[in-house]
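Peer 1: CSV, C-alpha atoms, saved as model.csv, coming up:
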chain,number,residue,atom,x,y,z
A,1,MET,CA,0.0,0.0,0.0
A,2,ARG,CA,2.9,2.3,0.6
A,3,ARG,CA,3.8,2.0,-3.0
A,4,TYR,CA,0.5,3.7,-4.0
A,5,ALA,CA,1.1,6.4,-1.4
A,6,ALA,CA,4.6,7.0,-3.0
A,7,TRP,CA,2.9,7.4,-6.4
A,8,SER,CA,0.5,9.9,-4.8
A,9,ILE,CA,3.4,12.0,-3.6
A,10,VAL,CA,4.9,12.1,-7.1
A,11,ALA,CA,1.5,13.0,-8.6
A,12,ALA,CA,1.1,15.8,-6.0
A,13,LEU,CA,4.5,17.3,-6.8
A,14,THR,CA,3.7,17.1,-10.5
A,15,THR,CA,0.3,18.8,-10.3
A,16,MET,CA,1.5,21.4,-7.8
A,17,ALA,CA,4.2,22.4,-10.3
A,18,LEU,CA,1.9,22.5,-13.2
A,19,LYS,CA,-0.8,24.5,-11.5
A,20,GLY,CA,1.7,26.8,-10.0
A,21,VAL,CA,3.0,27.6,-13.5
A,22,ALA,CA,-0.6,28.1,-14.7
A,23,ALA,CA,-1.4,30.5,-11.9
A,24,TRP,CA,1.8,32.4,-12.5
A,25,LEU,CA,1.1,32.7,-16.2
A,26,THR,CA,-2.5,33.9,-15.8
A,27,GLY,CA,-2.5,35.7,-12.4
A,28,SER,CA,-5.7,33.8,-11.6
A,29,VAL,CA,-6.7,33.4,-8.0
A,30,SER,CA,-8.8,30.4,-9.0
A,31,LEU,CA,-5.7,28.6,-10.4
A,32,PHE,CA,-3.8,29.7,-7.3
A,33,SER,CA,-6.4,28.0,-5.2
A,34,ASP,CA,-5.9,24.8,-7.2
A,35,ALA,CA,-2.1,25.0,-6.7
A,36,LEU,CA,-2.6,25.6,-3.0
A,37,GLU,CA,-4.8,22.5,-2.7
A,38,SER,CA,-2.1,20.5,-4.5
A,39,LEU,CA,0.3,21.5,-1.7
A,40,VAL,CA,-2.3,20.1,0.7
A,41,ASN,CA,-2.4,16.9,-1.5
A,42,LEU,CA,1.4,16.6,-1.1
A,43,ALA,CA,1.3,17.0,2.7
A,44,GLY,CA,-1.5,14.5,2.9
A,45,ALA,CA,0.2,12.0,0.7
A,46,ALA,CA,3.4,12.2,2.6
A,47,PHE,CA,1.6,11.8,5.9
A,48,ALA,CA,-0.4,8.9,4.5
A,49,TYR,CA,2.9,7.2,3.5
A,50,TRP,CA,4.2,7.6,7.1
A,51,MET,CA,1.0,6.3,8.7
A,52,LEU,CA,0.7,3.4,6.3
A,53,SER,CA,4.2,2.5,7.4
A,54,VAL,CA,3.2,2.7,11.1
A,55,GLY,CA,0.0,0.7,10.4
A,56,ALA,CA,1.9,-2.1,8.7
A,57,ALA,CA,3.9,-2.9,11.8
A,58,PRO,CA,2.8,-6.2,13.5
A,59,PRO,CA,1.1,-6.3,16.9
A,60,ASP,CA,3.4,-5.9,19.9
A,61,GLU,CA,3.2,-5.9,23.7
A,62,LYS,CA,2.0,-2.3,23.8
A,63,HIS,CA,-0.4,-2.5,20.8
A,64,ALA,CA,-1.8,-6.1,21.0
A,65,HIS,CA,-4.5,-5.3,18.5
A,66,GLY,CA,-2.2,-3.9,15.9
A,67,HIS,CA,-1.4,-0.5,14.5
A,68,GLU,CA,-4.1,-0.1,11.8
A,69,LYS,CA,-5.8,2.8,13.4
A,70,ALA,CA,-2.8,5.0,12.4
A,71,GLU,CA,-4.5,5.4,9.0
A,72,TYR,CA,-7.2,7.5,10.7
A,73,PHE,CA,-4.5,10.0,11.8
A,74,SER,CA,-3.6,10.4,8.1
A,75,SER,CA,-7.1,11.2,6.9
A,76,GLY,CA,-7.7,13.4,9.9
A,77,PHE,CA,-4.5,15.4,9.3
A,78,GLU,CA,-5.3,15.8,5.6
A,79,GLY,CA,-8.8,17.0,6.5
A,80,LEU,CA,-7.4,19.7,8.8
A,81,LEU,CA,-5.0,20.8,6.1
A,82,ILE,CA,-7.8,21.1,3.7
A,83,LEU,CA,-9.8,23.2,6.1
A,84,VAL,CA,-6.9,25.6,6.4
A,85,ALA,CA,-6.3,25.7,2.6
A,86,GLY,CA,-10.0,26.4,2.0
A,87,ALA,CA,-10.0,29.3,4.5
A,88,SER,CA,-6.8,30.7,2.8
A,89,ILE,CA,-8.4,30.6,-0.6
A,90,ILE,CA,-11.5,32.4,0.5
A,91,TRP,CA,-9.3,35.1,2.1
A,92,ALA,CA,-7.4,35.6,-1.2
A,93,ALA,CA,-10.5,35.6,-3.3
A,94,VAL,CA,-12.3,38.2,-1.2
A,95,SER,CA,-9.2,40.4,-1.4
A,96,ARG,CA,-9.3,40.0,-5.2
A,97,LEU,CA,-13.0,41.0,-5.3
A,98,ILE,CA,-12.2,44.1,-3.3
A,99,SER,CA,-9.1,45.0,-5.3
A,100,PRO,CA,-9.5,43.5,-8.8
A,101,VAL,CA,-6.4,42.7,-10.8
A,102,PRO,CA,-6.6,42.2,-14.6
A,103,LEU,CA,-5.8,38.6,-15.7
A,104,GLU,CA,-3.1,37.7,-18.1
A,105,PRO,CA,-3.9,35.8,-21.3
A,106,LEU,CA,-5.6,32.5,-20.1
A,107,GLY,CA,-4.9,30.1,-23.0
A,108,ILE,CA,-1.6,28.5,-22.0
A,109,GLY,CA,-2.6,28.6,-18.3
A,110,LEU,CA,-5.8,26.7,-18.9
A,111,LEU,CA,-3.9,24.1,-21.0
A,112,VAL,CA,-1.3,23.6,-18.2
A,113,SER,CA,-4.1,23.3,-15.6
A,114,ALA,CA,-6.0,20.8,-17.7
A,115,VAL,CA,-2.9,18.6,-17.9
A,116,ALA,CA,-2.5,18.7,-14.1
A,117,THR,CA,-6.2,17.8,-13.7
A,118,ALA,CA,-5.7,14.8,-16.0
A,119,VAL,CA,-2.8,13.6,-13.8
A,120,ASN,CA,-5.0,13.9,-10.7
A,121,LEU,CA,-7.9,12.0,-12.3
A,122,GLY,CA,-5.6,9.1,-13.2
A,123,MET,CA,-4.0,9.0,-9.7
A,124,SER,CA,-7.4,9.3,-7.9
A,125,ARG,CA,-8.8,6.2,-9.7
A,126,VAL,CA,-5.6,4.2,-8.9
A,127,LEU,CA,-5.8,5.2,-5.2
A,128,VAL,CA,-9.6,4.5,-4.8
A,129,VAL,CA,-9.3,1.0,-6.5
A,130,ALA,CA,-6.2,0.2,-4.4
A,131,GLY,CA,-7.9,1.4,-1.2
A,132,ARG,CA,-11.0,-0.7,-1.7
A,133,LYS,CA,-8.9,-3.7,-2.7
A,134,HIS,CA,-6.7,-3.5,0.4
A,135,GLN,CA,-9.4,-2.1,2.8
A,136,SER,CA,-7.2,1.0,3.4
A,137,ILE,CA,-9.1,4.2,4.5
A,138,ALA,CA,-5.9,6.2,4.0
A,139,LEU,CA,-5.6,5.4,0.3
A,140,GLU,CA,-9.4,5.8,-0.2
A,141,ALA,CA,-9.4,9.2,1.5
A,142,ASP,CA,-6.4,10.3,-0.6
A,143,GLY,CA,-8.1,9.1,-3.8
A,144,ALA,CA,-11.4,10.7,-2.9
A,145,HIS,CA,-9.7,14.0,-2.2
A,146,LEU,CA,-7.9,13.9,-5.5
A,147,MET,CA,-11.2,13.2,-7.2
A,148,THR,CA,-12.7,16.2,-5.5
A,149,ASP,CA,-9.7,18.2,-6.7
A,150,VAL,CA,-10.5,17.0,-10.3
A,151,TRP,CA,-14.1,18.3,-10.0
A,152,THR,CA,-13.1,21.6,-8.5
A,153,SER,CA,-10.4,22.1,-11.1
A,154,ALA,CA,-13.0,21.5,-13.8
A,155,GLY,CA,-15.1,24.2,-12.1
A,156,VAL,CA,-12.1,26.6,-12.1
A,157,LEU,CA,-11.5,25.9,-15.8
A,158,ALA,CA,-15.1,26.5,-16.6
A,159,GLY,CA,-15.1,29.8,-14.6
A,160,LEU,CA,-12.0,31.1,-16.3
A,161,GLY,CA,-13.5,30.1,-19.6
A,162,LEU,CA,-16.5,32.3,-18.7
A,163,VAL,CA,-14.1,35.2,-17.9
A,164,ALA,CA,-12.5,34.8,-21.3
A,165,PHE,CA,-15.9,34.6,-23.0
A,166,THR,CA,-17.6,37.4,-21.1
A,167,GLY,CA,-14.8,39.6,-20.0
A,168,PHE,CA,-16.3,39.7,-16.4
A,169,GLU,CA,-13.1,39.3,-14.3
A,170,TRP,CA,-15.0,39.2,-11.1
A,171,LEU,CA,-16.1,35.7,-12.0
A,172,ASP,CA,-12.6,34.5,-11.2
A,173,PRO,CA,-12.6,35.2,-7.4
A,174,VAL,CA,-16.3,34.1,-7.3
A,175,VAL,CA,-15.4,30.7,-8.7
A,176,ALA,CA,-12.5,30.5,-6.3
A,177,ILE,CA,-14.9,31.0,-3.4
A,178,ALA,CA,-17.1,28.2,-4.8
A,179,VAL,CA,-14.0,26.0,-5.1
A,180,ALA,CA,-13.0,26.8,-1.5
A,181,SER,CA,-16.4,25.9,-0.2
A,182,GLN,CA,-16.1,22.5,-1.8
A,183,ILE,CA,-12.7,22.1,-0.3
A,184,LEU,CA,-14.0,23.0,3.2
A,185,PHE,CA,-16.8,20.4,2.8
A,186,THR,CA,-14.3,17.8,1.8
A,187,GLY,CA,-12.1,18.6,4.8
A,188,TYR,CA,-15.1,18.4,7.1
A,189,ARG,CA,-16.1,15.0,5.9
A,190,LEU,CA,-12.5,13.7,6.2
A,191,VAL,CA,-12.2,14.9,9.8
A,192,GLY,CA,-15.6,13.4,10.7
A,193,ARG,CA,-14.7,10.0,9.1
A,194,SER,CA,-11.4,10.0,11.0
A,195,ALA,CA,-13.1,10.8,14.3
A,196,ASP,CA,-15.6,7.9,13.7
A,197,GLY,CA,-12.7,5.5,13.1
A,198,LEU,CA,-10.8,6.6,16.2
A,199,MET,CA,-14.0,6.3,18.3
A,200,ASP,CA,-14.3,2.6,17.3
A,201,SER,CA,-17.1,3.0,14.7
A,202,ALA,CA,-19.0,-0.3,14.1
A,203,MET,CA,-19.6,-2.1,10.9
A,204,GLU,CA,-22.7,-1.0,9.0
A,205,GLY,CA,-24.7,-1.5,5.8
A,206,ASP,CA,-24.4,-4.7,3.8
A,207,SER,CA,-21.3,-6.0,5.7
A,208,LEU,CA,-23.2,-6.0,9.0
A,209,THR,CA,-26.2,-7.6,7.4
A,210,ALA,CA,-24.1,-10.3,6.0
A,211,VAL,CA,-22.6,-11.0,9.4
A,212,THR,CA,-26.0,-11.2,11.2
A,213,THR,CA,-27.4,-13.4,8.4
A,214,ALA,CA,-24.5,-15.8,8.7
A,215,LEU,CA,-25.0,-16.0,12.5
A,216,ASP,CA,-28.7,-16.7,12.2
A,217,ARG,CA,-28.1,-19.4,9.6
A,218,GLU,CA,-25.5,-21.3,11.6
A,219,THR,CA,-27.2,-21.1,15.0
A,220,ASN,CA,-30.8,-21.7,13.8
A,221,ALA,CA,-29.7,-24.9,12.0
A,222,VAL,CA,-28.7,-26.6,15.4
A,223,GLY,CA,-31.1,-25.0,17.9
A,224,ALA,CA,-28.5,-22.5,19.2
A,225,GLU,CA,-28.8,-18.7,19.6
A,226,TRP,CA,-26.5,-15.7,19.6
A,227,HIS,CA,-26.4,-12.2,21.1
A,228,ALA,CA,-24.1,-9.4,22.2
A,229,LEU,CA,-22.7,-8.8,18.7
A,230,ARG,CA,-20.1,-6.0,18.8
A,231,THR,CA,-18.0,-4.9,15.9
A,232,ARG,CA,-15.4,-2.2,15.3
A,233,VAL,CA,-13.4,-1.2,12.3
A,234,ALA,CA,-9.8,-0.2,12.6
A,235,GLY,CA,-8.2,0.8,9.3
A,236,ASN,CA,-8.2,-2.4,7.1
A,237,ARG,CA,-8.9,-4.7,10.1
A,238,THR,CA,-12.3,-5.5,11.6
A,239,PHE,CA,-12.9,-6.9,15.1
A,240,VAL,CA,-16.0,-9.0,15.9
A,241,THR,CA,-17.1,-10.4,19.2
A,242,VAL,CA,-20.3,-12.4,19.7
A,243,HIS,CA,-21.8,-14.7,22.4
A,244,VAL,CA,-23.0,-18.1,21.2
A,245,LEU,CA,-25.6,-19.9,23.3
A,246,VAL,CA,-25.9,-23.7,23.0
A,247,PRO,CA,-28.0,-26.3,24.8
A,248,GLY,CA,-26.5,-27.1,28.2
A,249,ASP,CA,-26.3,-30.8,27.5
A,250,TRP,CA,-23.9,-30.3,24.6
A,251,THR,CA,-20.3,-31.4,25.0
A,252,VAL,CA,-17.6,-28.7,25.1
A,253,HIS,CA,-16.3,-30.2,21.9
A,254,ARG,CA,-19.6,-29.8,20.0
A,255,GLY,CA,-20.0,-26.2,21.2
A,256,HIS,CA,-16.4,-25.5,20.2
A,257,GLU,CA,-17.0,-27.0,16.7
A,258,LEU,CA,-20.0,-24.7,16.2
A,259,CYS,CA,-17.9,-21.7,17.2
A,260,GLU,CA,-15.2,-22.7,14.8
A,261,THR,CA,-17.7,-23.0,12.0
A,262,ILE,CA,-19.1,-19.6,12.8
A,263,GLU,CA,-15.7,-17.9,13.0
A,264,ALA,CA,-14.6,-19.5,9.7
A,265,GLY,CA,-17.8,-18.3,8.0
A,266,LEU,CA,-17.4,-14.7,9.3
A,267,ARG,CA,-13.7,-14.6,8.2
A,268,ALA,CA,-14.8,-15.6,4.7
A,269,LEU,CA,-17.3,-12.6,4.7
A,270,VAL,CA,-15.1,-10.0,6.3
A,271,PRO,CA,-11.5,-9.6,5.1
A,272,ARG,CA,-8.8,-9.3,7.8
A,273,ALA,CA,-11.3,-9.9,10.5
A,274,THR,CA,-10.4,-10.9,14.1
A,275,ILE,CA,-13.4,-13.0,15.4
A,276,VAL,CA,-13.9,-13.8,19.1
A,277,THR,CA,-16.8,-16.1,20.2
A,278,HIS,CA,-17.9,-16.6,23.8
A,279,LEU,CA,-19.7,-19.9,24.4
A,280,GLU,CA,-22.6,-20.0,27.0
A,281,PRO,CA,-25.3,-22.4,28.1
A,282,LEU,CA,-28.7,-21.6,26.6
A,283,GLU,CA,-30.7,-22.5,29.7
A,284,ASP,CA,-28.7,-20.4,32.2
A,285,PRO,CA,-30.5,-17.1,33.0
A,286,ARG,CA,-27.1,-15.4,33.6
A,287,ALA,CA,-26.2,-16.0,29.9
A,288,HIS,CA,-29.0,-13.7,28.9
A,289,LEU,CA,-28.0,-10.9,31.2
A,290,ASP,CA,-24.6,-10.1,29.8
A,291,GLN,CA,-25.6,-8.5,26.6
A,292,SER,CA,-24.6,-4.9,27.5
A,293,LEU,CA,-21.1,-3.6,27.5
A,294,ASP,CA,-21.1,-3.1,31.2
A,295,PRO,CA,-23.4,-5.9,32.6
Translate the structure described by the file into structure tokens.

Peer 2:
Amino acid sequence: MRRYAAWSIVAALTTMALKGVAAWLTGSVSLFSDALESLVNLAGAAFAYWMLSVGAAPPDEKHAHGHEKAEYFSSGFEGLLILVAGASIIWAAVSRLISPVPLEPLGIGLLVSAVATAVNLGMSRVLVVAGRKHQSIALEADGAHLMTDVWTSAGVLAGLGLVAFTGFEWLDPVVAIAVASQILFTGYRLVGRSADGLMDSAMEGDSLTAVTTALDRETNAVGAEWHALRTRVAGNRTFVTVHVLVPGDWTVHRGHELCETIEAGLRALVPRATIVTHLEPLEDPRAHLDQSLDP
């Protein structure tokens, strides 16, 4: 996964240079906003590489459950940088609205920015596909951010095209403010997603449904039950704990075999899952009183 993060660093350096040249050639605050976001992309990609390196470390005595949560620090850090960049862009755009500055010829600047946008588009698709394949929130967040950059760059190019067509130079800072608003929203979402991960966010959606369906199938088939299902997602690893209740006259071996079957089935459904089952007698009232986190 670090290889993809390294490619993201190279792409960020390339697009930052291209957009910086485009902004210098045109004097456009919109293109300057794009170049500034590329700087954020570079910082985020570098931090993602670092956190992926930390997350790849095996469990140790101090971190028995692994280091995968390090990825959330990456997406959170990138989100904060995006918020700062968005605020800076709005500040620059408002200043340009108050004190307009004529733009230089836009032709070559637009062409250079379009090339940079194409680089971002290709890199974003690579990162998103790799992130989903490897269950890496850091790569997915980086890819999603680059894709947002693609759309905002497209908006900037459209705005500057309008300036060239209409001659209304005030459209440039107005578009920059719109770009900054999108950047701020992206930063907000990244920070929120990172906070959810650090707070042990549970599985949800189709993945959770698949887990409960599998538990129902295996226990109903033999007259057993389950409860106290708890899940949490940490980077590309998922932790699942569940209580399995079996008839009291079962042997330990039979109960253990059911738990092994359940665990194997859940691991097949959830990549990189750590499954812990707790076996209890179905007839014991105490077995039904320990479903809460603090019984």

Peer 1: How many Å lie between CA of Val179 in chain A and CA of Ala48 in chain A, rounded to one decimal?

Peer 2: 23.9 Å

Peer 1: Which of these, A:Val242, A:Val163, A:Ala45, A:Val175, has the shortest distance to Gly143 in chain A once you count all atoms listed in the file?

Peer 2: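 Checking each candidate against Gly143 in chain A, we get A:Ala45 as the closest.
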
Peer 1: In Å, how far is it from CA of Val10 in chain A to CA of Gly235 in chain A?

Peer 2: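 Calculated distance between CA of Val10 in chain A and CA of Gly235 in chain A is 23.8 Å.
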
Peer 1: Nearest to Ala130 in chain A: which of A:Ala5, A:Leu146, A:Ala164, A:Ile98 is it, counting all atoms listed in the file?

Peer 2: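 Among the listed residues, the smallest separation from Ala130 in chain A belongs to A:Ala5.
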
Peer 1: Out of A:Ile177, A:Leu190, A:Ala287, A:Ala268, which residue has the shortest atom-to-atom distance to Glu140 in chain A when counting only C-alpha atoms?

Peer 2: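 With only C-alpha atoms as the atom set, the closest residue is A:Leu190.
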
Peer 1: What are the closest atom pairs, with distances in Å to one decimal, for each residue of range 112-160 of chain A lying within 12 Å of range 78-85 of chain A, using only C-alpha atoms, rows by chain and rising residue number, as CSV?

Peer 2:
residue,atom,partner,partner_atom,distance
A:Ala138,CA,A:Glu78,CA,9.8
A:Leu139,CA,A:Glu78,CA,11.7
A:Ala141,CA,A:Glu78,CA,8.8
A:Asp142,CA,A:Glu78,CA,8.4
A:Gly143,CA,A:Glu78,CA,11.9
A:Ala144,CA,A:Gly79,CA,11.6
A:His145,CA,A:Glu78,CA,9.1
A:Leu146,CA,A:Glu78,CA,11.6
A:Thr148,CA,A:Ile82,CA,11.5
A:Asp149,CA,A:Ile82,CA,11.0

Peer 1: Work out how far CA of Pro59 in chain A is from CA of His243 in chain A, in Å to one decimal.

Peer 2: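 Separation between CA of His243 in chain A and CA of Pro59 in chain A: 25.0 Å.
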
Peer 1: Counting all atoms listed in the file, which residue out of A:Ser53, A:Val211, A:Val191, A:Leu18 sits closest to Ala6 in chain A?

Peer 2: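 Looking only at the distances to Ala6 in chain A, the closest residue turns out to be A:Ser53.
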